[in-house]
>>> print(open('start-v4.cif').read())   # mmCIF, C-alpha atoms
data_entry
loop_
_atom_site.group_PDB
_atom_site.id
_atom_site.type_symbol
_atom_site.label_atom_id
_atom_site.label_comp_id
_atom_site.auth_asym_id
_atom_site.auth_seq_id
_atom_site.Cartn_x
_atom_site.Cartn_y
_atom_site.Cartn_z
ATOM 1 C CA MET E 1 -5.859 22.100 4.743
ATOM 2 C CA GLU E 2 -2.708 21.952 6.868
ATOM 3 C CA ARG E 3 -1.108 18.578 7.557
ATOM 4 C CA LEU E 4 -1.949 18.556 11.266
ATOM 5 C CA GLU E 5 -5.551 19.524 10.572
ATOM 6 C CA PHE E 6 -5.765 16.687 8.094
ATOM 7 C CA GLU E 7 -4.293 14.198 10.555
ATOM 8 C CA VAL E 8 -6.835 15.073 13.225
ATOM 9 C CA LEU E 9 -9.876 15.328 10.940
ATOM 10 C CA SER E 10 -9.119 12.155 8.953
ATOM 11 C CA SER E 11 -8.394 10.156 12.113
ATOM 12 C CA ILE E 12 -11.808 11.141 13.488
ATOM 13 C CA ALA E 13 -13.504 10.303 10.173
ATOM 14 C CA GLU E 14 -11.854 6.882 10.033
ATOM 15 C CA LYS E 15 -11.860 6.183 13.781
ATOM 16 C CA GLN E 16 -8.086 5.797 13.596
ATOM 17 C CA ASP E 17 -5.529 5.964 16.392
ATOM 18 C CA LEU E 18 -2.927 8.682 15.786
ATOM 19 C CA SER E 19 -0.373 7.428 18.326
ATOM 20 C CA LEU E 20 1.945 5.693 15.840
ATOM 21 C CA ARG E 21 2.029 8.656 13.462
ATOM 22 C CA ARG E 22 2.592 10.987 16.423
ATOM 23 C CA GLU E 23 5.624 8.930 17.378
ATOM 24 C CA VAL E 24 7.073 8.796 13.846
ATOM 25 C CA PHE E 25 6.389 12.379 12.774
ATOM 26 C CA GLY E 26 6.914 14.029 16.152
ATOM 27 C CA PHE E 27 3.470 15.588 16.444
ATOM 28 C CA SER E 28 3.002 16.957 19.949
ATOM 29 C CA LYS E 29 -0.268 16.748 21.843
ATOM 30 C CA GLU E 30 -0.349 20.539 22.006
ATOM 31 C CA GLU E 31 0.007 20.821 18.219
ATOM 32 C CA LEU E 32 -2.777 18.320 17.639
ATOM 33 C CA ASP E 33 -5.050 20.041 20.165
ATOM 34 C CA ALA E 34 -4.437 23.382 18.427
ATOM 35 C CA ALA E 35 -5.232 21.772 15.069
ATOM 36 C CA LYS E 36 -8.488 20.419 16.492
ATOM 37 C CA ASP E 37 -9.406 23.903 17.682
ATOM 38 C CA ARG E 38 -8.846 25.251 14.162
ATOM 39 C CA ILE E 39 -10.976 22.457 12.724
ATOM 40 C CA ILE E 40 -13.840 23.405 15.008
ATOM 41 C CA LYS E 41 -13.477 27.095 14.126
ATOM 42 C CA ASN E 42 -13.568 26.177 10.424
ATOM 43 C CA GLY E 43 -16.913 24.463 10.977
ATOM 44 C CA TRP E 44 -15.549 21.011 10.069
ATOM 45 C CA LEU E 45 -16.283 19.453 13.451
ATOM 46 C CA ASN E 46 -18.886 19.928 16.154
ATOM 47 C CA ALA E 47 -20.202 18.080 19.189
ATOM 48 C CA GLU E 48 -22.032 15.611 16.944
ATOM 49 C CA GLY E 49 -18.976 14.762 14.856
ATOM 50 C CA ILE E 50 -17.638 15.727 11.451
ATOM 51 C CA THR E 51 -19.923 18.128 9.619
ATOM 52 C CA GLU E 52 -20.872 18.102 5.950
ATOM 53 C CA ALA E 53 -18.342 20.906 5.448
ATOM 54 C CA GLY E 54 -15.724 18.721 7.105
ATOM 55 C CA PHE E 55 -16.318 15.829 4.718
ATOM 56 C CA THR E 56 -16.227 18.286 1.815
ATOM 57 C CA ALA E 57 -12.834 19.504 3.049
ATOM 58 C CA LEU E 58 -11.565 15.900 3.124
ATOM 59 C CA GLU E 59 -12.853 15.087 -0.364
ATOM 60 C CA PRO E 60 -9.638 16.054 -2.256
ATOM 61 C CA TYR E 61 -7.711 13.544 -0.129
ATOM 62 C CA LYS E 62 -10.045 10.607 -0.719
ATOM 63 C CA VAL E 63 -8.650 7.389 -2.194
ATOM 64 C CA LYS E 64 -10.352 6.645 -5.517
ATOM 65 C CA ARG E 65 -9.203 3.111 -6.190
ATOM 66 C CA VAL E 66 -6.830 0.261 -5.406
ATOM 67 C CA VAL E 67 -4.674 -1.698 -7.823
ATOM 68 C CA PHE E 68 -3.545 -5.136 -6.694
ATOM 69 C CA LEU E 69 -0.361 -6.572 -8.181
ATOM 70 C CA ALA E 70 -1.002 -10.283 -8.544
ATOM 71 C CA ALA E 71 0.827 -11.399 -11.680
ATOM 72 C CA GLY E 72 3.918 -13.163 -10.323
ATOM 73 C CA PHE E 73 4.708 -16.832 -9.907
ATOM 74 C CA GLY E 74 5.702 -16.943 -6.229
ATOM 75 C CA SER E 75 8.659 -19.258 -6.693
ATOM 76 C CA ARG E 76 9.600 -19.325 -3.000
ATOM 77 C CA MET E 77 6.153 -20.710 -2.182
ATOM 78 C CA VAL E 78 6.584 -23.867 -4.272
ATOM 79 C CA PRO E 79 5.031 -26.448 -4.120
ATOM 80 C CA ILE E 80 1.790 -24.697 -3.154
ATOM 81 C CA THR E 81 2.063 -22.208 -6.038
ATOM 82 C CA ILE E 82 2.520 -24.826 -8.742
ATOM 83 C CA ASN E 83 -1.259 -24.950 -9.176
ATOM 84 C CA THR E 84 -2.337 -21.793 -7.314
ATOM 85 C CA PRO E 85 -1.223 -18.146 -7.633
ATOM 86 C CA LYS E 86 0.315 -16.997 -4.353
ATOM 87 C CA PRO E 87 -2.420 -14.385 -3.626
ATOM 88 C CA MET E 88 -5.049 -17.126 -3.947
ATOM 89 C CA VAL E 89 -3.404 -19.401 -1.385
ATOM 90 C CA ARG E 90 -5.583 -19.873 1.676
ATOM 91 C CA VAL E 91 -4.239 -18.952 5.102
ATOM 92 C CA HIS E 92 -6.389 -20.085 8.006
ATOM 93 C CA GLY E 93 -9.140 -20.790 5.492
ATOM 94 C CA LYS E 94 -9.085 -17.401 3.753
ATOM 95 C CA ARG E 95 -7.318 -16.455 0.543
ATOM 96 C CA ILE E 96 -4.395 -14.064 1.137
ATOM 97 C CA ILE E 97 -5.731 -11.463 -1.280
ATOM 98 C CA GLU E 98 -9.162 -11.564 0.374
ATOM 99 C CA THR E 99 -7.661 -10.160 3.593
ATOM 100 C CA LEU E 100 -6.567 -7.160 1.508
ATOM 101 C CA ILE E 101 -9.837 -6.800 -0.403
ATOM 102 C CA ASP E 102 -11.889 -6.930 2.775
ATOM 103 C CA ALA E 103 -9.716 -4.218 4.361
ATOM 104 C CA VAL E 104 -10.092 -2.045 1.260
ATOM 105 C CA LEU E 105 -13.877 -2.407 1.234
ATOM 106 C CA ALA E 106 -14.045 -1.725 4.969
ATOM 107 C CA ALA E 107 -12.297 1.597 4.250
ATOM 108 C CA GLY E 108 -15.005 2.479 1.742
ATOM 109 C CA ILE E 109 -12.892 2.000 -1.404
ATOM 110 C CA GLU E 110 -14.945 0.202 -4.030
ATOM 111 C CA GLU E 111 -13.014 0.671 -7.292
ATOM 112 C CA ILE E 112 -10.768 -2.402 -7.370
ATOM 113 C CA TYR E 113 -8.398 -3.705 -10.036
ATOM 114 C CA ILE E 114 -6.267 -6.838 -10.067
ATOM 115 C CA VAL E 115 -3.312 -7.105 -12.440
ATOM 116 C CA ARG E 116 -3.034 -10.804 -13.220
ATOM 117 C CA GLY E 117 -0.539 -13.008 -15.015
ATOM 118 C CA TYR E 118 0.443 -16.476 -13.768
ATOM 119 C CA LEU E 119 -2.632 -18.752 -13.651
ATOM 120 C CA GLY E 120 -4.620 -15.566 -14.112
ATOM 121 C CA GLU E 121 -7.920 -17.288 -14.807
ATOM 122 C CA GLN E 122 -8.158 -18.264 -11.136
ATOM 123 C CA PHE E 123 -8.744 -14.635 -10.138
ATOM 124 C CA GLU E 124 -12.097 -14.779 -11.905
ATOM 125 C CA LEU E 125 -13.291 -16.804 -8.907
ATOM 126 C CA LEU E 126 -13.028 -13.646 -6.821
ATOM 127 C CA GLN E 127 -15.486 -11.769 -9.008
ATOM 128 C CA LYS E 128 -18.332 -13.969 -7.776
ATOM 129 C CA LYS E 129 -17.768 -12.773 -4.208
ATOM 130 C CA TYR E 130 -16.503 -9.296 -5.107
ATOM 131 C CA PRO E 131 -18.315 -8.006 -8.220
ATOM 132 C CA GLU E 132 -16.417 -4.693 -7.858
ATOM 133 C CA ILE E 133 -13.245 -6.337 -9.172
ATOM 134 C CA LYS E 134 -11.948 -5.606 -12.664
ATOM 135 C CA LEU E 135 -9.082 -7.646 -14.108
ATOM 136 C CA ILE E 136 -6.077 -6.300 -16.015
ATOM 137 C CA GLU E 137 -3.799 -8.530 -18.073
ATOM 138 C CA ASN E 138 -0.019 -8.467 -17.681
ATOM 139 C CA PRO E 139 1.402 -10.492 -20.574
ATOM 140 C CA ASP E 140 4.983 -9.670 -19.517
ATOM 141 C CA TYR E 141 4.825 -10.994 -15.949
ATOM 142 C CA ASP E 142 7.405 -13.747 -16.441
ATOM 143 C CA GLY E 143 10.807 -12.354 -15.462
ATOM 144 C CA THR E 144 9.904 -8.670 -15.121
ATOM 145 C CA GLY E 145 8.917 -8.057 -11.485
ATOM 146 C CA THR E 146 6.251 -5.628 -10.343
ATOM 147 C CA ILE E 147 7.337 -2.852 -12.734
ATOM 148 C CA SER E 148 5.482 -4.597 -15.561
ATOM 149 C CA SER E 149 2.251 -4.660 -13.551
ATOM 150 C CA PHE E 150 2.639 -0.951 -12.780
ATOM 151 C CA TYR E 151 3.164 -0.407 -16.509
ATOM 152 C CA TYR E 152 -0.095 -2.105 -17.492
ATOM 153 C CA ALA E 153 -2.023 -0.272 -14.757
ATOM 154 C CA ARG E 154 -0.268 3.077 -15.248
ATOM 155 C CA ASP E 155 -3.420 4.991 -16.198
ATOM 156 C CA LEU E 156 -5.011 4.128 -12.834
ATOM 157 C CA LEU E 157 -2.347 5.413 -10.447
ATOM 158 C CA ASP E 158 -3.739 8.825 -9.462
ATOM 159 C CA HIS E 159 -5.386 8.893 -6.013
ATOM 160 C CA ALA E 160 -4.729 5.157 -5.876
ATOM 161 C CA TYR E 161 -3.353 2.516 -3.590
ATOM 162 C CA VAL E 162 -1.056 0.002 -5.226
ATOM 163 C CA MET E 163 -0.701 -3.177 -3.190
ATOM 164 C CA GLU E 164 1.245 -6.365 -3.567
ATOM 165 C CA SER E 165 -1.283 -9.152 -3.252
ATOM 166 C CA ASP E 166 0.667 -11.588 -1.103
ATOM 167 C CA LEU E 167 0.253 -9.711 2.196
ATOM 168 C CA VAL E 168 -1.953 -11.006 5.005
ATOM 169 C CA VAL E 169 -3.742 -8.080 6.639
ATOM 170 C CA ALA E 170 -4.219 -8.733 10.339
ATOM 171 C CA ASN E 171 -5.366 -5.175 11.107
ATOM 172 C CA PRO E 172 -7.754 -3.719 8.475
ATOM 173 C CA LYS E 173 -7.196 -0.235 9.925
ATOM 174 C CA VAL E 174 -3.863 -0.021 8.046
ATOM 175 C CA VAL E 175 -5.895 0.823 4.929
ATOM 176 C CA HIS E 176 -6.906 4.480 5.076
ATOM 177 C CA ARG E 177 -9.782 6.222 3.302
ATOM 178 C CA TYR E 178 -7.869 9.492 3.116
ATOM 179 C CA HIS E 179 -4.210 10.322 2.387
ATOM 180 C CA TYR E 180 -2.575 13.735 2.608
ATOM 181 C CA THR E 181 0.242 12.872 0.232
ATOM 182 C CA SER E 182 1.877 9.976 -1.588
ATOM 183 C CA ASP E 183 3.395 7.415 0.763
ATOM 184 C CA PHE E 184 4.890 3.969 1.194
ATOM 185 C CA MET E 185 4.013 1.740 4.117
ATOM 186 C CA GLY E 186 6.779 0.627 6.431
ATOM 187 C CA THR E 187 7.466 -0.838 9.864
ATOM 188 C CA LYS E 188 10.021 0.824 12.107
ATOM 189 C CA VAL E 189 12.922 -1.563 12.813
ATOM 190 C CA GLU E 190 16.430 -1.412 14.231
ATOM 191 C CA GLN E 191 17.685 -3.722 11.509
ATOM 192 C CA THR E 192 16.319 -5.669 8.547
ATOM 193 C CA ASP E 193 17.683 -7.954 5.873
ATOM 194 C CA ASP E 194 14.773 -6.998 3.628
ATOM 195 C CA TRP E 195 14.067 -3.903 1.500
ATOM 196 C CA PHE E 196 14.157 -0.794 3.664
ATOM 197 C CA LEU E 197 13.307 2.910 3.664
ATOM 198 C CA LYS E 198 14.991 5.789 5.453
ATOM 199 C CA THR E 199 13.311 9.114 6.165
ATOM 200 C CA ASP E 200 14.114 12.632 7.309
ATOM 201 C CA LYS E 201 12.624 14.159 10.455
ATOM 202 C CA THR E 202 9.451 15.170 8.620
ATOM 203 C CA GLY E 203 8.717 11.634 7.419
ATOM 204 C CA ILE E 204 9.777 12.154 3.797
ATOM 205 C CA ILE E 205 11.527 9.097 2.386
ATOM 206 C CA THR E 206 15.137 9.923 1.512
ATOM 207 C CA GLU E 207 16.502 6.498 0.628
ATOM 208 C CA ILE E 208 15.410 3.067 -0.464
ATOM 209 C CA GLY E 209 17.831 0.233 0.109
ATOM 210 C CA VAL E 210 18.331 -3.237 -1.187
ATOM 211 C CA VAL E 211 18.254 -6.371 0.897
ATOM 212 C CA GLY E 212 20.786 -6.670 3.702
ATOM 213 C CA ALA E 213 21.807 -3.133 4.656
ATOM 214 C CA GLY E 214 19.021 -1.574 6.711
ATOM 215 C CA GLU E 215 19.602 -0.174 10.211
ATOM 216 C CA ASN E 216 17.357 2.235 12.176
ATOM 217 C CA CYS E 217 14.949 2.389 9.284
ATOM 218 C CA PHE E 218 11.566 1.185 8.069
ATOM 219 C CA LYS E 219 11.103 -2.275 6.641
ATOM 220 C CA LEU E 220 9.278 -1.810 3.359
ATOM 221 C CA ILE E 221 5.734 -3.180 3.198
ATOM 222 C CA GLY E 222 4.310 -3.658 -0.283
ATOM 223 C CA MET E 223 1.613 -0.976 -0.068
ATOM 224 C CA SER E 224 1.937 2.489 -1.577
ATOM 225 C CA TYR E 225 -0.437 5.382 -2.210
ATOM 226 C CA TRP E 226 -0.105 7.907 -5.039
ATOM 227 C CA ASP E 227 -1.868 11.264 -4.943
ATOM 228 C CA GLY E 228 -3.226 12.967 -8.058
ATOM 229 C CA ARG E 229 -0.070 14.781 -9.096
ATOM 230 C CA ASP E 230 2.354 11.949 -8.328
ATOM 231 C CA GLY E 231 0.094 9.304 -9.843
ATOM 232 C CA ARG E 232 -0.015 11.149 -13.153
ATOM 233 C CA GLU E 233 3.739 11.753 -13.109
ATOM 234 C CA LEU E 234 4.436 8.139 -12.212
ATOM 235 C CA ALA E 235 2.321 6.908 -15.129
ATOM 236 C CA HIS E 236 4.584 8.828 -17.496
ATOM 237 C CA ASP E 237 7.818 7.876 -15.737
ATOM 238 C CA ILE E 238 6.942 4.180 -15.458
ATOM 239 C CA GLN E 239 6.191 4.054 -19.177
ATOM 240 C CA LYS E 240 9.433 5.830 -20.055
ATOM 241 C CA ALA E 241 11.522 3.621 -17.772
ATOM 242 C CA TYR E 242 9.841 0.353 -18.748
ATOM 243 C CA GLU E 243 10.171 0.980 -22.467
ATOM 244 C CA SER E 244 13.856 1.922 -22.177
ATOM 245 C CA PRO E 245 16.590 -0.681 -22.834
ATOM 246 C CA GLU E 246 16.668 -3.146 -19.910
ATOM 247 C CA GLY E 247 13.959 -1.090 -18.188
ATOM 248 C CA HIS E 248 11.831 -4.175 -17.598
ATOM 249 C CA LYS E 249 14.520 -5.380 -15.151
ATOM 250 C CA LEU E 250 14.296 -2.322 -12.898
ATOM 251 C CA PRO E 251 12.745 -2.708 -9.443
ATOM 252 C CA MET E 252 9.636 -0.534 -9.619
ATOM 253 C CA SER E 253 10.656 1.475 -6.541
ATOM 254 C CA TYR E 254 13.794 2.668 -8.324
ATOM 255 C CA VAL E 255 11.669 4.755 -10.700
ATOM 256 C CA PRO E 256 10.472 7.359 -8.139
ATOM 257 C CA PHE E 257 13.332 6.947 -5.663
ATOM 258 C CA ARG E 258 16.354 6.762 -7.951
ATOM 259 C CA VAL E 259 15.709 7.281 -11.667
ATOM 260 C CA TYR E 260 13.446 10.314 -11.160
ATOM 261 C CA ARG E 261 14.062 11.034 -7.480
ATOM 262 C CA ASP E 262 14.028 14.840 -7.838
ATOM 263 C CA LYS E 263 10.389 14.760 -8.975
ATOM 264 C CA TYR E 264 8.887 13.098 -5.909
ATOM 265 C CA LYS E 265 8.504 13.750 -2.183
ATOM 266 C CA ILE E 266 6.988 10.596 -0.779
ATOM 267 C CA ASN E 267 6.142 10.130 2.903
ATOM 268 C CA ILE E 268 6.309 7.081 5.101
ATOM 269 C CA MET E 269 3.019 5.600 6.303
ATOM 270 C CA PRO E 270 3.968 3.734 9.483
ATOM 271 C CA CYS E 271 2.355 0.527 10.639
ATOM 272 C CA ASN E 272 3.003 -1.985 13.399
ATOM 273 C CA ALA E 273 4.838 -5.212 12.632
ATOM 274 C CA SER E 274 1.747 -7.197 13.605
ATOM 275 C CA ASP E 275 -0.593 -5.286 11.255
ATOM 276 C CA VAL E 276 0.553 -6.848 7.973
ATOM 277 C CA ILE E 277 2.236 -10.240 7.701
ATOM 278 C CA GLU E 278 4.478 -11.104 4.792
ATOM 279 C CA ILE E 279 4.767 -14.809 4.037
ATOM 280 C CA ASP E 280 7.797 -15.135 1.806
ATOM 281 C CA SER E 281 8.343 -18.867 1.617
ATOM 282 C CA PHE E 282 6.582 -22.200 1.923
ATOM 283 C CA ALA E 283 8.422 -22.800 5.196
ATOM 284 C CA GLU E 284 6.992 -19.557 6.589
ATOM 285 C CA LEU E 285 3.532 -20.579 5.379
ATOM 286 C CA GLN E 286 3.869 -23.851 7.253
ATOM 287 C CA GLU E 287 4.799 -21.990 10.435
ATOM 288 C CA PHE E 288 1.925 -19.514 10.040
ATOM 289 C CA ASP E 289 -0.731 -22.105 9.201
ATOM 290 C CA GLU E 290 -0.082 -25.607 10.509
ATOM 291 C CA ILE E 291 -2.418 -27.203 8.008
ATOM 292 C CA TYR E 292 0.428 -27.003 5.478
ATOM 293 C CA LYS E 293 2.823 -29.020 7.668
ATOM 294 C CA ALA E 294 1.187 -32.178 6.354
ATOM 295 C CA HIS E 295 2.381 -31.337 2.796
#
>>> encode(input="start-v4.cif", output="structure tokens")
Amino acid sequence: MERLEFEVLSSIAEKQDLSLRREVFGFSKEELDAAKDRIIKNGWLNAEGITEAGFTALEPYKVKRVVFLAAGFGSRMVPITINTPKPMVRVHGKRIIETLIDAVLAAGIEEIYIVRGYLGEQFELLQKKYPEIKLIENPDYDGTGTISSFYYARDLLDHAYVMESDLVVANPKVVHRYHYTSDFMGTKVEQTDDWFLKTDKTGIITEIGVVGAGENCFKLIGMSYWDGRDGRELAHDIQKAYESPEGHKLPMSYVPFRVYRDKYKINIMPCNASDVIEIDSFAELQEFDEIYKAH
């Protein structure tokens, strides 16, 4: 299936708006209309909607599972994280990680893993509400960053979302049931003092930058998707990098974008700034949810 055909067919299947991806990737209305015509000719779409043949054509692009990274301490959220893992903190009455889980389930993804570490026993509370959840232990979480959680979940990365678990999802539609290729989520910005991504004209990520140097780029959001080929390659490369001297100190994103950059072509998956909210500190939590101002 061609990329434009996929974009049109998957957007219909998921009832998604294509306007943001049109803007980022430069898809013209004429190109998308022509792709829709080809879809109809292929028997994937008719007046009643997507046909059985259409869903069969989308099957290779279906997300199999999601892995949540939830092992860290959340030091910038002290004092609230002294007794509660950051993903389990409630925002407007709902745990942060539950906004992610609910979006994943709404997209029809039911194979869910949580990599736990700090106060890991608390994540067992989620299994009462979400029996789909399976827990993975990360014994190395202290001082290693997310690369250690990728390492312990490395055999689950093909056709998989990997999500940081401290993101508040305001728009569940940011989680897609189908992906054409591996991608990282990002928000288009003129400038950011956070981690950033730069892309070429086709949407392939060409650079990842450290805090404080991003202009006319995408602010990195902690959600990535790995297709079958890249997920299997990443499992091998994460293991090799992590088990190398000082490898546990590497930012995970350096593995595909710097250490083994010639092996991967990863796209941007754009989202709006209001779709996913990152709460990085206790002060930001207090601003986002006034109940914490009393603390």
>>> closest_residue(input="start-v4.cif", among="E:Ile147, E:Ile112, E:Leu45, E:Leu197", to="Lys134 of chain E", atoms="all atoms listed in the file")
E:Ile112
>>> closest_residue(input="start-v4.cif", among="E:Asp275, E:Glu121, E:Asp200, E:Glu31", to="Pro172 of chain E", atoms="only C-alpha atoms")
E:Asp275
>>> closest_residue(input="start-v4.cif", among="E:Thr181, E:Asn83, E:Thr187, E:Ser148", to="Asp230 of chain E", atoms="only C-alpha atoms")
E:Thr181
>>> residues_around(input="start-v4.cif", residues="segment 67-81 of chain E", least_positions_apart="5", cutoff="6 Å", atoms="all atoms listed in the file", output="short mmCIF file (atom, residue, chain, number, x, y, z; two decimals) with C-alpha atoms, in the coordinates of the input")
data_model
loop_
_atom_site.label_atom_id
_atom_site.label_comp_id
_atom_site.auth_asym_id
_atom_site.auth_seq_id
_atom_site.Cartn_x
_atom_site.Cartn_y
_atom_site.Cartn_z
CA LYS E 86 0.32 -17.00 -4.35
CA TYR E 113 -8.40 -3.70 -10.04
CA ILE E 114 -6.27 -6.84 -10.07
CA VAL E 115 -3.31 -7.10 -12.44
CA ARG E 116 -3.03 -10.80 -13.22
CA GLY E 117 -0.54 -13.01 -15.02
CA TYR E 118 0.44 -16.48 -13.77
CA TYR E 141 4.82 -10.99 -15.95
CA VAL E 162 -1.06 0.00 -5.23
CA MET E 163 -0.70 -3.18 -3.19
CA GLU E 164 1.25 -6.36 -3.57
CA SER E 165 -1.28 -9.15 -3.25
CA SER E 281 8.34 -18.87 1.62
CA PHE E 282 6.58 -22.20 1.92
#
>>> residues_around(input="start-v4.cif", residues="Tyr130 of chain E", least_positions_apart="2", cutoff="12 Å", atoms="all atoms listed in the file", output="PDB file with C-alpha atoms, in the coordinates of the input")
ATOM      1  CA  ILE E  97      -5.731 -11.463  -1.280  1.00  0.00           C
ATOM      2  CA  GLU E  98      -9.162 -11.564   0.374  1.00  0.00           C
ATOM      3  CA  ILE E 101      -9.837  -6.800  -0.403  1.00  0.00           C
ATOM      4  CA  ASP E 102     -11.889  -6.930   2.775  1.00  0.00           C
ATOM      5  CA  VAL E 104     -10.092  -2.045   1.260  1.00  0.00           C
ATOM      6  CA  LEU E 105     -13.877  -2.407   1.234  1.00  0.00           C
ATOM      7  CA  GLU E 110     -14.945   0.202  -4.030  1.00  0.00           C
ATOM      8  CA  GLU E 111     -13.014   0.671  -7.292  1.00  0.00           C
ATOM      9  CA  ILE E 112     -10.768  -2.402  -7.370  1.00  0.00           C
ATOM     10  CA  TYR E 113      -8.398  -3.705 -10.036  1.00  0.00           C
ATOM     11  CA  ILE E 114      -6.267  -6.838 -10.067  1.00  0.00           C
ATOM     12  CA  PHE E 123      -8.744 -14.635 -10.138  1.00  0.00           C
ATOM     13  CA  GLU E 124     -12.097 -14.779 -11.905  1.00  0.00           C
ATOM     14  CA  LEU E 125     -13.291 -16.804  -8.907  1.00  0.00           C
ATOM     15  CA  LEU E 126     -13.028 -13.646  -6.821  1.00  0.00           C
ATOM     16  CA  GLN E 127     -15.486 -11.769  -9.008  1.00  0.00           C
ATOM     17  CA  LYS E 128     -18.332 -13.969  -7.776  1.00  0.00           C
ATOM     18  CA  GLU E 132     -16.417  -4.693  -7.858  1.00  0.00           C
ATOM     19  CA  ILE E 133     -13.245  -6.337  -9.172  1.00  0.00           C
ATOM     20  CA  LYS E 134     -11.948  -5.606 -12.664  1.00  0.00           C
ATOM     21  CA  LEU E 135      -9.082  -7.646 -14.108  1.00  0.00           C
TER      22      LEU E 135
END
>>> resolve_selection(input="start-v4.cif", expression="the PyMOL selection byres ((chain E and resi 151) around 9)", output="list in words")
Asn138, Thr146, Ile147, Ser148, Ser149, Phe150, Tyr152, Ala153, Arg154, Asp155, Ala235, Ile238, Gln239 and Tyr242 of chain E
>>> closest_residue(input="start-v4.cif", among="E:Asp227, E:Glu215, E:Glu23, E:Glu284", to="Phe196 of chain E", atoms="only C-alpha atoms")
E:Glu215
>>> residues_around(input="start-v4.cif", residues="Leu234 of chain E", least_positions_apart="3", cutoff="12 Å", atoms="all atoms listed in the file", output="PDB file with C-alpha atoms, keeping the file's coordinate frame")
ATOM      1  CA  ILE E 147       7.337  -2.852 -12.734  1.00  0.00           C
ATOM      2  CA  PHE E 150       2.639  -0.951 -12.780  1.00  0.00           C
ATOM      3  CA  TYR E 151       3.164  -0.407 -16.509  1.00  0.00           C
ATOM      4  CA  ALA E 153      -2.023  -0.272 -14.757  1.00  0.00           C
ATOM      5  CA  ARG E 154      -0.268   3.077 -15.248  1.00  0.00           C
ATOM      6  CA  ASP E 155      -3.420   4.991 -16.198  1.00  0.00           C
ATOM      7  CA  LEU E 156      -5.011   4.128 -12.834  1.00  0.00           C
ATOM      8  CA  LEU E 157      -2.347   5.413 -10.447  1.00  0.00           C
ATOM      9  CA  ASP E 158      -3.739   8.825  -9.462  1.00  0.00           C
ATOM     10  CA  HIS E 159      -5.386   8.893  -6.013  1.00  0.00           C
ATOM     11  CA  ALA E 160      -4.729   5.157  -5.876  1.00  0.00           C
ATOM     12  CA  SER E 182       1.877   9.976  -1.588  1.00  0.00           C
ATOM     13  CA  TYR E 225      -0.437   5.382  -2.210  1.00  0.00           C
ATOM     14  CA  TRP E 226      -0.105   7.907  -5.039  1.00  0.00           C
ATOM     15  CA  ASP E 227      -1.868  11.264  -4.943  1.00  0.00           C
ATOM     16  CA  GLY E 228      -3.226  12.967  -8.058  1.00  0.00           C
ATOM     17  CA  ARG E 229      -0.070  14.781  -9.096  1.00  0.00           C
ATOM     18  CA  ASP E 230       2.354  11.949  -8.328  1.00  0.00           C
ATOM     19  CA  GLY E 231       0.094   9.304  -9.843  1.00  0.00           C
ATOM     20  CA  ASP E 237       7.818   7.876 -15.737  1.00  0.00           C
ATOM     21  CA  ILE E 238       6.942   4.180 -15.458  1.00  0.00           C
ATOM     22  CA  GLN E 239       6.191   4.054 -19.177  1.00  0.00           C
ATOM     23  CA  LYS E 240       9.433   5.830 -20.055  1.00  0.00           C
ATOM     24  CA  ALA E 241      11.522   3.621 -17.772  1.00  0.00           C
ATOM     25  CA  TYR E 242       9.841   0.353 -18.748  1.00  0.00           C
ATOM     26  CA  MET E 252       9.636  -0.534  -9.619  1.00  0.00           C
ATOM     27  CA  SER E 253      10.656   1.475  -6.541  1.00  0.00           C
ATOM     28  CA  TYR E 254      13.794   2.668  -8.324  1.00  0.00           C
ATOM     29  CA  VAL E 255      11.669   4.755 -10.700  1.00  0.00           C
ATOM     30  CA  PRO E 256      10.472   7.359  -8.139  1.00  0.00           C
ATOM     31  CA  PHE E 257      13.332   6.947  -5.663  1.00  0.00           C
ATOM     32  CA  VAL E 259      15.709   7.281 -11.667  1.00  0.00           C
ATOM     33  CA  TYR E 260      13.446  10.314 -11.160  1.00  0.00           C
ATOM     34  CA  ARG E 261      14.062  11.034  -7.480  1.00  0.00           C
ATOM     35  CA  LYS E 263      10.389  14.760  -8.975  1.00  0.00           C
ATOM     36  CA  TYR E 264       8.887  13.098  -5.909  1.00  0.00           C
ATOM     37  CA  ILE E 266       6.988  10.596  -0.779  1.00  0.00           C
TER      38      ILE E 266
END
>>> atom_distance(input="start-v4.cif", atom1="atom CA of Tyr161 of chain E", atom2="atom CA of Ala107 of chain E")
11.9 Å
>>> decode(input="start-v4.cif", residues="segment 131-149 of chain E", atoms="C-alpha atoms", output="PDB file, in the first residue's frame")
ATOM      1  CA  PRO E 131      -6.940  -6.747  33.703  1.00  0.00           C
ATOM      2  CA  GLU E 132      -5.144  -6.491  30.323  1.00  0.00           C
ATOM      3  CA  ILE E 133      -2.054  -5.084  32.044  1.00  0.00           C
ATOM      4  CA  LYS E 134       1.083  -7.177  32.481  1.00  0.00           C
ATOM      5  CA  LEU E 135       3.944  -5.910  34.643  1.00  0.00           C
ATOM      6  CA  ILE E 136       7.652  -6.043  33.799  1.00  0.00           C
ATOM      7  CA  GLU E 137      10.359  -5.510  36.406  1.00  0.00           C
ATOM      8  CA  ASN E 138      13.211  -3.054  35.880  1.00  0.00           C
ATOM      9  CA  PRO E 139      15.725  -3.705  38.664  1.00  0.00           C
ATOM     10  CA  ASP E 140      18.145  -1.125  37.214  1.00  0.00           C
ATOM     11  CA  TYR E 141      15.806   1.882  37.204  1.00  0.00           C
ATOM     12  CA  ASP E 142      17.796   3.930  39.718  1.00  0.00           C
ATOM     13  CA  GLY E 143      20.194   6.158  37.780  1.00  0.00           C
ATOM     14  CA  THR E 144      19.781   4.654  34.305  1.00  0.00           C
ATOM     15  CA  GLY E 145      17.002   6.583  32.538  1.00  0.00           C
ATOM     16  CA  THR E 146      14.529   5.077  30.104  1.00  0.00           C
ATOM     17  CA  ILE E 147      17.154   2.996  28.266  1.00  0.00           C
ATOM     18  CA  SER E 148      17.010   0.405  31.049  1.00  0.00           C
ATOM     19  CA  SER E 149      13.239   0.054  30.680  1.00  0.00           C
TER      20      SER E 149
END
